[in-house]
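What follows is my_file_24.tsv (TSV, C-alpha atoms and all ligand atoms).
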```tsv
chain	number	residue	atom	x	y	z
B	130	MET	CA	16.62	-7.79	3.42
B	131	PRO	CA	18.53	-9.84	6.01
B	132	VAL	CA	16.66	-12.63	7.75
B	133	THR	CA	17.07	-10.80	11.06
B	134	SER	CA	15.01	-7.73	10.10
B	135	PRO	CA	11.71	-8.84	8.62
B	136	VAL	CA	8.37	-7.21	9.34
B	137	CYS	CA	6.42	-9.43	11.77
B	138	VAL	CA	2.71	-8.73	11.50
B	139	THR	CA	0.89	-9.79	14.67
B	140	VAL	CA	-2.85	-9.74	15.33
B	141	ASP	CA	-4.25	-9.73	18.86
B	142	VAL	CA	-7.46	-11.71	18.36
B	143	GLU	CA	-10.08	-10.49	20.83
B	144	ASP	CA	-13.55	-8.92	20.96
B	145	TRP	CA	-13.53	-5.14	21.52
B	146	ILE	CA	-16.36	-4.94	24.02
B	147	GLN	CA	-14.98	-7.77	26.19
B	148	SER	CA	-11.31	-6.79	26.03
B	149	THR	CA	-11.75	-3.02	26.35
B	150	LEU	CA	-15.07	-2.20	28.01
B	151	ASP	CA	-16.23	-5.10	30.18
B	152	PHE	CA	-14.14	-8.16	31.07
B	153	ASP	CA	-17.35	-9.98	32.12
B	154	ALA	CA	-19.07	-9.50	28.74
B	155	ALA	CA	-19.60	-12.49	26.45
B	156	ILE	CA	-17.56	-12.76	23.25
B	157	THR	CA	-19.79	-11.51	20.43
B	158	ASP	CA	-20.14	-12.65	16.82
B	159	ARG	CA	-18.33	-9.51	15.69
B	160	CYS	CA	-15.13	-11.24	16.77
B	161	ARG	CA	-15.61	-13.96	14.16
B	162	THR	CA	-16.70	-11.54	11.40
B	163	ASN	CA	-13.82	-9.15	12.05
B	164	THR	CA	-11.23	-11.94	12.30
B	165	ALA	CA	-12.42	-13.37	8.96
B	166	ARG	CA	-12.10	-9.88	7.45
B	167	MET	CA	-8.54	-9.56	8.82
B	168	LEU	CA	-7.56	-13.02	7.51
B	169	ASP	CA	-8.97	-12.14	4.07
B	170	LEU	CA	-6.95	-8.91	4.04
B	171	LEU	CA	-3.74	-10.69	5.04
B	172	GLU	CA	-4.36	-13.30	2.34
B	173	ARG	CA	-4.87	-10.60	-0.32
B	174	LEU	CA	-1.57	-9.01	0.71
B	175	GLY	CA	0.29	-12.34	0.90
B	176	ILE	CA	1.18	-11.85	4.59
B	177	ARG	CA	1.51	-14.76	6.99
B	178	ALA	CA	0.99	-13.39	10.49
B	179	THR	CA	1.15	-14.46	14.10
B	180	CYS	CA	-2.25	-14.32	15.80
B	181	PHE	CA	-2.10	-13.91	19.58
B	182	VAL	CA	-5.51	-15.34	20.44
B	183	GLN	CA	-7.31	-14.90	23.74
B	184	GLY	CA	-8.34	-18.11	25.53
B	185	LEU	CA	-11.95	-16.91	25.88
B	186	VAL	CA	-12.11	-16.49	22.11
B	187	ALA	CA	-10.85	-20.06	21.59
B	188	LYS	CA	-13.43	-21.32	24.08
B	189	HIS	CA	-16.23	-19.43	22.28
B	190	ASP	CA	-15.15	-20.33	18.76
B	191	PRO	CA	-12.53	-23.11	18.47
B	192	ARG	CA	-13.28	-23.61	14.76
B	193	MET	CA	-12.35	-20.03	14.02
B	194	VAL	CA	-9.00	-20.57	15.78
B	195	ALA	CA	-8.40	-23.77	13.81
B	196	ASP	CA	-9.13	-21.78	10.66
B	197	ILE	CA	-6.33	-19.30	11.50
B	198	THR	CA	-3.85	-22.21	11.47
B	199	ARG	CA	-5.40	-23.74	8.36
B	200	ARG	CA	-4.90	-20.46	6.50
B	201	GLY	CA	-1.17	-20.58	7.20
B	202	HIS	CA	-0.77	-18.29	10.20
B	203	GLU	CA	0.84	-18.99	13.56
B	204	VAL	CA	-1.43	-19.15	16.61
B	205	ALA	CA	0.11	-17.82	19.83
B	206	CYS	CA	-1.36	-16.96	23.23
B	207	HIS	CA	-2.93	-13.67	24.44
B	208	ALA	CA	-3.90	-14.95	27.93
B	209	HIS	CA	-7.44	-15.97	28.83
B	210	THR	CA	-9.56	-13.08	30.15
B	211	HIS	CA	-7.69	-9.93	29.01
B	212	ARG	CA	-7.45	-8.80	32.64
B	213	PRO	CA	-4.14	-7.08	33.56
B	214	LEU	CA	-1.57	-9.72	34.48
B	215	PHE	CA	0.73	-7.78	36.80
B	216	SER	CA	-1.77	-7.55	39.64
B	217	MET	CA	-2.68	-11.27	39.63
B	218	SER	CA	-1.62	-13.68	42.34
B	219	ASP	CA	0.85	-16.39	41.29
B	220	SER	CA	-1.88	-19.05	41.15
B	221	MET	CA	-4.24	-16.83	39.11
B	222	LEU	CA	-1.40	-16.12	36.71
B	223	ARG	CA	-0.64	-19.82	36.32
B	224	ASP	CA	-4.31	-20.57	35.53
B	225	GLU	CA	-4.70	-17.59	33.20
B	226	ILE	CA	-1.77	-18.77	31.06
B	227	ALA	CA	-2.32	-22.55	31.28
B	228	THR	CA	-6.07	-22.39	30.54
B	229	SER	CA	-5.65	-20.28	27.44
B	230	ARG	CA	-2.72	-22.29	26.12
B	231	LYS	CA	-4.62	-25.56	26.45
B	232	LEU	CA	-7.69	-24.17	24.66
B	233	LEU	CA	-5.51	-22.94	21.80
B	234	GLU	CA	-3.56	-26.20	21.47
B	235	ASP	CA	-6.79	-28.22	21.57
B	236	ALA	CA	-8.32	-26.01	18.85
B	237	THR	CA	-5.32	-26.10	16.49
B	238	GLY	CA	-3.57	-29.38	17.31
B	239	GLN	CA	-0.31	-27.37	17.25
B	240	PRO	CA	2.08	-26.41	20.05
B	241	VAL	CA	1.74	-22.77	21.17
B	242	LEU	CA	5.18	-21.21	21.61
B	243	GLY	CA	4.60	-17.47	21.92
B	244	PHE	CA	2.84	-15.14	24.33
B	245	ARG	CA	1.66	-11.53	24.50
B	246	ALA	CA	0.26	-10.02	27.69
B	247	PRO	CA	-3.10	-8.24	27.29
B	248	ASP	CA	-2.53	-4.47	27.10
B	249	PHE	CA	1.20	-5.21	27.58
B	250	SER	CA	0.34	-5.56	31.29
B	251	LEU	CA	3.71	-6.71	32.66
B	252	GLY	CA	3.66	-3.95	35.26
B	253	GLU	CA	2.99	-0.27	35.84
B	254	PRO	CA	4.92	1.99	33.40
B	255	CYS	CA	8.54	1.86	34.59
B	256	GLU	CA	12.21	2.41	33.84
B	257	THR	CA	13.72	-1.09	33.96
B	258	LEU	CA	12.60	-4.68	33.48
B	259	ASP	CA	13.37	-5.44	37.11
B	260	GLN	CA	10.33	-3.30	38.01
B	261	VAL	CA	7.78	-5.48	36.17
B	262	ASN	CA	6.11	-8.61	37.57
B	263	ARG	CA	8.73	-11.15	36.53
B	264	GLN	CA	6.62	-14.00	37.83
B	265	ILE	CA	4.90	-13.73	34.43
B	266	PHE	CA	8.16	-14.74	32.70
B	267	VAL	CA	8.82	-17.48	35.29
B	268	GLU	CA	5.39	-18.93	34.53
B	269	LEU	CA	5.83	-18.70	30.75
B	270	ALA	CA	9.22	-20.45	30.92
B	271	SER	CA	7.92	-23.18	33.22
B	272	GLN	CA	4.92	-23.82	30.92
B	273	GLY	CA	7.24	-24.29	27.92
B	274	PHE	CA	6.79	-21.03	25.99
B	275	ARG	CA	9.78	-20.15	23.81
B	276	TYR	CA	9.20	-16.44	23.24
B	277	ASP	CA	7.31	-13.47	24.61
B	278	SER	CA	6.28	-10.26	22.84
B	279	SER	CA	4.83	-8.10	25.62
B	280	VAL	CA	7.59	-5.53	26.15
B	281	VAL	CA	6.97	-2.04	24.79
B	282	PRO	CA	10.42	-0.47	25.13
B	283	ALA	CA	9.06	3.05	25.74
B	284	ARG	CA	7.43	4.49	28.83
B	285	MET	CA	3.81	5.39	28.13
B	286	ARG	CA	0.82	6.37	30.29
B	287	ARG	CA	-0.49	2.81	30.83
B	288	TYR	CA	2.46	0.53	30.07
B	289	GLY	CA	6.02	0.27	28.85
B	290	VAL	CA	9.60	-0.13	30.06
B	291	ALA	CA	11.75	2.92	29.26
B	292	THR	CA	15.17	1.26	29.05
B	293	ALA	CA	14.34	-2.23	27.73
B	294	PRO	CA	16.26	-3.25	24.58
B	295	ARG	CA	14.50	-2.32	21.34
B	296	GLY	CA	15.44	-5.58	19.59
B	297	PRO	CA	15.32	-9.28	20.56
B	298	PHE	CA	16.99	-10.14	23.85
B	299	TRP	CA	17.09	-12.96	26.38
B	300	LEU	CA	14.98	-12.71	29.48
B	301	LYS	CA	16.81	-13.97	32.57
B	302	GLU	CA	14.10	-16.61	32.91
B	303	GLY	CA	15.32	-18.26	29.65
B	304	LEU	CA	12.77	-17.03	27.09
B	305	LEU	CA	13.48	-14.92	24.05
B	306	GLU	CA	11.77	-11.50	24.14
B	307	ILE	CA	10.84	-9.93	20.78
B	308	PRO	CA	9.65	-6.43	21.73
B	309	LEU	CA	7.11	-4.21	20.00
B	310	ALA	CA	8.30	-1.61	17.46
B	311	THR	CA	9.34	1.85	18.57
B	312	VAL	CA	10.54	4.99	16.82
B	313	TRP	CA	13.09	7.52	18.08
B	314	LEU	CA	11.71	11.07	18.17
B	315	GLY	CA	13.80	12.71	20.89
B	316	ARG	CA	12.69	9.77	23.01
B	317	ARG	CA	11.21	6.37	22.24
B	318	TRP	CA	7.58	6.19	21.08
B	319	PRO	CA	5.55	3.11	20.13
B	320	ALA	CA	4.98	2.69	16.39
B	321	LEU	CA	3.48	0.29	13.87
B	322	GLY	CA	0.53	-0.84	15.94
B	323	GLY	CA	-2.87	-0.13	17.48
B	324	GLY	CA	-3.95	3.52	17.64
B	325	TYR	CA	-0.41	4.66	16.81
B	326	LEU	CA	-0.57	2.98	13.41
B	327	ARG	CA	-4.10	4.26	12.77
B	328	MET	CA	-3.59	7.86	13.83
B	329	LEU	CA	0.06	9.00	13.65
B	330	PRO	CA	1.47	10.21	10.32
B	331	PHE	CA	2.66	7.31	8.18
B	332	SER	CA	6.10	8.94	7.81
B	333	LEU	CA	6.81	8.07	11.49
B	334	HIS	CA	6.09	4.41	10.82
B	335	ARG	CA	8.37	4.53	7.80
B	336	VAL	CA	11.16	5.80	10.09
B	337	ALA	CA	10.40	2.98	12.58
B	338	LEU	CA	10.76	0.43	9.75
B	339	TRP	CA	14.01	2.02	8.62
B	340	GLU	CA	15.41	2.05	12.17
B	341	ALA	CA	14.55	-1.63	12.63
B	342	GLU	CA	16.17	-2.58	9.35
B	343	ARG	CA	19.32	-0.60	10.13
B	344	ALA	CA	19.59	-2.24	13.58
B	345	GLN	CA	18.89	-5.72	12.11
B	346	ARG	CA	15.89	-6.35	14.31
B	347	PRO	CA	12.36	-7.46	13.39
B	348	ALA	CA	9.76	-4.69	13.09
B	349	VAL	CA	6.86	-6.02	15.16
B	350	VAL	CA	3.50	-4.67	13.93
B	351	TYR	CA	0.35	-5.25	16.01
B	352	LEU	CA	-3.24	-5.13	14.79
B	353	HIS	CA	-6.69	-6.11	16.09
B	354	PRO	CA	-9.50	-7.57	13.97
B	355	TYR	CA	-11.94	-4.97	15.36
B	356	GLU	CA	-9.84	-2.17	13.87
B	357	LEU	CA	-11.35	-3.08	10.49
B	358	ASP	CA	-14.90	-2.61	11.87
B	359	THR	CA	-15.98	1.01	11.39
B	360	GLY	CA	-19.49	0.64	12.84
B	361	GLU	CA	-18.71	-1.13	16.11
B	362	VAL	CA	-17.89	1.60	18.62
B	363	GLY	CA	-20.83	3.80	17.57
B	364	ALA	CA	-23.24	0.85	17.73
B	365	ILE	CA	-22.11	-0.13	21.23
B	366	ALA	CA	-22.21	3.48	22.42
B	367	ARG	CA	-25.93	3.63	21.54
B	368	SER	CA	-26.74	0.97	24.13
B	369	GLN	CA	-24.13	1.54	26.83
B	370	HIS	CA	-21.86	4.27	28.15
B	371	VAL	CA	-18.54	4.61	26.34
B	372	PRO	CA	-16.39	7.52	27.60
B	373	TRP	CA	-15.95	10.04	24.76
B	374	LYS	CA	-12.15	9.93	24.85
B	375	LEU	CA	-12.19	6.15	24.49
B	376	ARG	CA	-14.81	6.40	21.77
B	377	LEU	CA	-12.64	8.82	19.81
B	378	SER	CA	-9.32	7.02	20.24
B	379	GLN	CA	-10.85	3.63	19.44
B	380	SER	CA	-12.77	4.81	16.35
B	381	LEU	CA	-10.30	6.98	14.46
B	382	GLY	CA	-8.55	5.42	11.50
B	383	ARG	CA	-10.46	2.14	11.54
B	384	GLY	CA	-11.41	0.38	8.30
B	385	ARG	CA	-10.10	1.40	4.89
B	386	ARG	CA	-7.50	3.81	6.28
B	387	LEU	CA	-5.89	1.02	8.31
B	388	GLU	CA	-6.15	-1.39	5.37
B	389	ARG	CA	-4.26	1.10	3.19
B	390	ARG	CA	-1.60	1.47	5.86
B	391	ILE	CA	-1.09	-2.29	6.16
B	392	ASP	CA	-0.77	-2.38	2.37
B	393	ARG	CA	1.88	0.37	2.51
B	394	LEU	CA	3.90	-1.62	5.09
B	395	HIS	CA	3.93	-4.38	2.58
B	396	HIS	CA	5.80	-2.88	-0.36
B	397	GLY	CA	9.19	-4.44	-0.98
B	398	ARG	CA	9.52	-5.95	2.49
B	399	THR	CA	10.08	-9.45	3.80
B	400	PHE	CA	7.54	-10.78	6.28
B	401	SER	CA	7.91	-13.57	8.79
B	402	THR	CA	5.90	-14.98	11.63
B	403	MET	CA	7.09	-14.44	15.18
B	404	GLY	CA	7.85	-18.17	15.46
B	405	GLU	CA	10.15	-17.96	12.44
B	406	SER	CA	11.87	-14.90	13.89
B	407	CYS	CA	12.23	-16.70	17.21
B	408	ARG	CA	13.98	-19.59	15.47
B	409	ALA	CA	16.30	-17.15	13.64
B	410	PHE	CA	17.37	-15.56	16.94
B	411	GLU	CA	17.33	-18.55	19.30
B	412	GLY	CA	20.89	-19.60	18.48
B	413	ARG	CA	22.19	-16.09	19.18
B	414	ARG	CA	23.93	-16.13	22.55
B	415	ASP	CA	25.41	-12.68	21.76
B	416	LEU	CA	22.04	-10.99	22.36
B	417	PRO	CA	21.70	-8.94	25.55
B	418	THR	CA	20.10	-10.48	28.64
B	419	ALA	CA	17.75	-8.41	30.80
I	1	ZN	ZN	-5.40	-7.51	23.65
```
Can you present the structure in this file as structure tokens?
Amino acid sequence: MPVTSPVCVTVDVEDWIQSTLDFDAAITDRCRTNTARMLDLLERLGIRATCFVQGLVAKHDPRMVADITRRGHEVACHAHTHRPLFSMSDSMLRDEIATSRKLLEDATGQPVLGFRAPDFSLGEPCETLDQVNRQIFVELASQGFRYDSSVVPARMRRYGVATAPRGPFWLKEGLLEIPLATVWLGRRWPALGGGYLRMLPFSLHRVALWEAERAQRPAVVYLHPYELDTGEVGAIARSQHVPWKLRLSQSLGRGRRLERRIDRLHHGRTFSTMGESCRAFEGRRDLPTA
């Protein structure tokens, strides 16, 4: 497989209750247990991944973040609090990014080059990249990030940019963007990550992989450690209100089913970290700019 179309497995390292239910909640020990489980799985499958780690997680458990690097994975940044970025003031945005980056670099002793916005929160769902909050990219470029992976090039209910390129492209601010995977089914749909990977038929993900390979672009997969934890949502719902729709969408396909799917992504394919993909594309001035 050409070096330009590997599968890039990414893991957004966060704690479900804090990132999804209550931004003011403390990071729980489930985060460490689930991350260890995810790292063990990746090791069994021989996959080196890129872990986009939240700053609050690094603050709570810097040794766990150091362990991600020690086990051969890349650590990148997933902002600090998991609050949506597009509605932040410029100074809040600067702090949100700088605080998390420093915590991650202190924990790992390595430079952090990549970024993913929590919940892909560049803006409201829209048609073009000029409609998102581009101050986010200005801030990333000025703080020395080399790539971003926050663009979902499909318009969904909560996020996404309908016409953004589906493969790597240059942001006008000077960063490389490596967007999330999509599949063409009469229109673009997200694939290979989150609830889509857990719940949609695997044949759709196979098509997404094939489309990426044919177009010579990386297939960016995204996972969360908590997706391996089958007991979590039910346990939390016993002590606090979790809307039934959220409970359903966040529970289905967790655990062994997801593990089997990650294993199926694996067969016969080349994997690379996002940092390695970034280096492969950085010399390419022929990529589109948007
Ligand atoms: Zn997240």
Practice problem: Could the residues that lie within 7 Å of ligand ZN 1 (chain I), counting all atoms listed in the file, be listed as a count of residues only? | Solution: 7
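From atom CA of Thr162 of chain B back to atom CA of Gly322 of chain B, the distance works out to 20.8 Å.
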Quiz item: What is the atom CA of Ser216 of chain B-atom CA of Gln264 of chain B distance in Å, reported with one decimal?
Solution: 10.7 Å
Self-check item: Gap from atom CA of Ser401 of chain B to atom CA of Arg166 of chain B - Å, one decimal
Solution: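 These atoms are spaced 20.4 Å apart.
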Self-check item: Selection: 6 Å around segment 273-281 of chain B, only C-alpha atoms, excl. self and same-chain fewer than 5 positions, as an MDAnalysis selection string
Solution: chainID B and resid 242:246 249 289 304:309
Quiz item: Which residues, written as number ranges by chain, have at least one atom at most 10 Å from Pro372 of chain B, with only C-alpha atoms counted and residues fewer than 5 positions away on the same chain left out?
Solution: B: 150, 366, 377
Using 6 Å of padding on each side, determine the axis-aligned box around all atoms of segment 313-320 of chain B present in the file and give its centre and edge lengths in Å to one decimal, as lines of an AutoDock Vina configuration file.
```
center_x = 9.4
center_y = 7.7
center_z = 19.7
size_x = 20.8
size_y = 22.0
size_z = 18.6
```
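Candidate residues B:Met285, B:Ala154, B:Ile197, B:Val290 were compared for distance to Leu185 of chain B, and the nearest is B:Ala154, using all atoms listed in the file.
Between Arg263 of chain B and the candidates B:His353, B:Lys301, B:Arg393, B:Arg192, the tightest atom-to-atom separation, counting only C-alpha atoms, involves B:Lys301.
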Excluding segment 355-357 of chain B and any residue of its chain fewer than 4 positions from it, enumerate the residues within 7 Å of it, using all atoms listed in the file, and give them as a short mmCIF file (atom, residue, chain, number, x, y, z; two decimals) with C-alpha atoms, in the coordinates of the input.
```cif
data_model
loop_
_atom_site.label_atom_id
_atom_site.label_comp_id
_atom_site.auth_asym_id
_atom_site.auth_seq_id
_atom_site.Cartn_x
_atom_site.Cartn_y
_atom_site.Cartn_z
CA TRP B 145 -13.53 -5.14 21.52
CA ASN B 163 -13.82 -9.15 12.05
CA ARG B 383 -10.46 2.14 11.54
CA GLY B 384 -11.41 0.38 8.30
#
```
Quiz item: With all atoms listed in the file as the atoms that count, which of B:Ile146, B:Cys206, B:Met167, B:Gly397 lies nearest to Leu375 of chain B?
Solution: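 The closest residue to Leu375 of chain B is B:Ile146.
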Practice problem: Give me the residues within 10 Å of Arg414 of chain B as a ChimeraX atom specification, counting all atoms listed in the file and dropping any in the same chain fewer than 4 places off. | Solution: /B:298-299,410,418
Self-check item: Best match for closeness to Ala205 of chain B among B:Ser332, B:Ser250, B:Thr402, B:Gln345, counting all atoms listed in the file
Solution: B:Thr402
Practice problem: Give the answer as one residue: which of B:Asp392, B:Phe331, B:Arg230, B:Pro417 has the shortest atom-to-atom distance to Glu172 of chain B, using only C-alpha atoms? | Solution: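 Counting only C-alpha atoms, the residue closest to Glu172 of chain B is B:Asp392.
Closest to Ala227 of chain B among B:Val261, B:Cys255, B:Ile391, B:Ala270 is B:Ala270, based on all atoms listed in the file.
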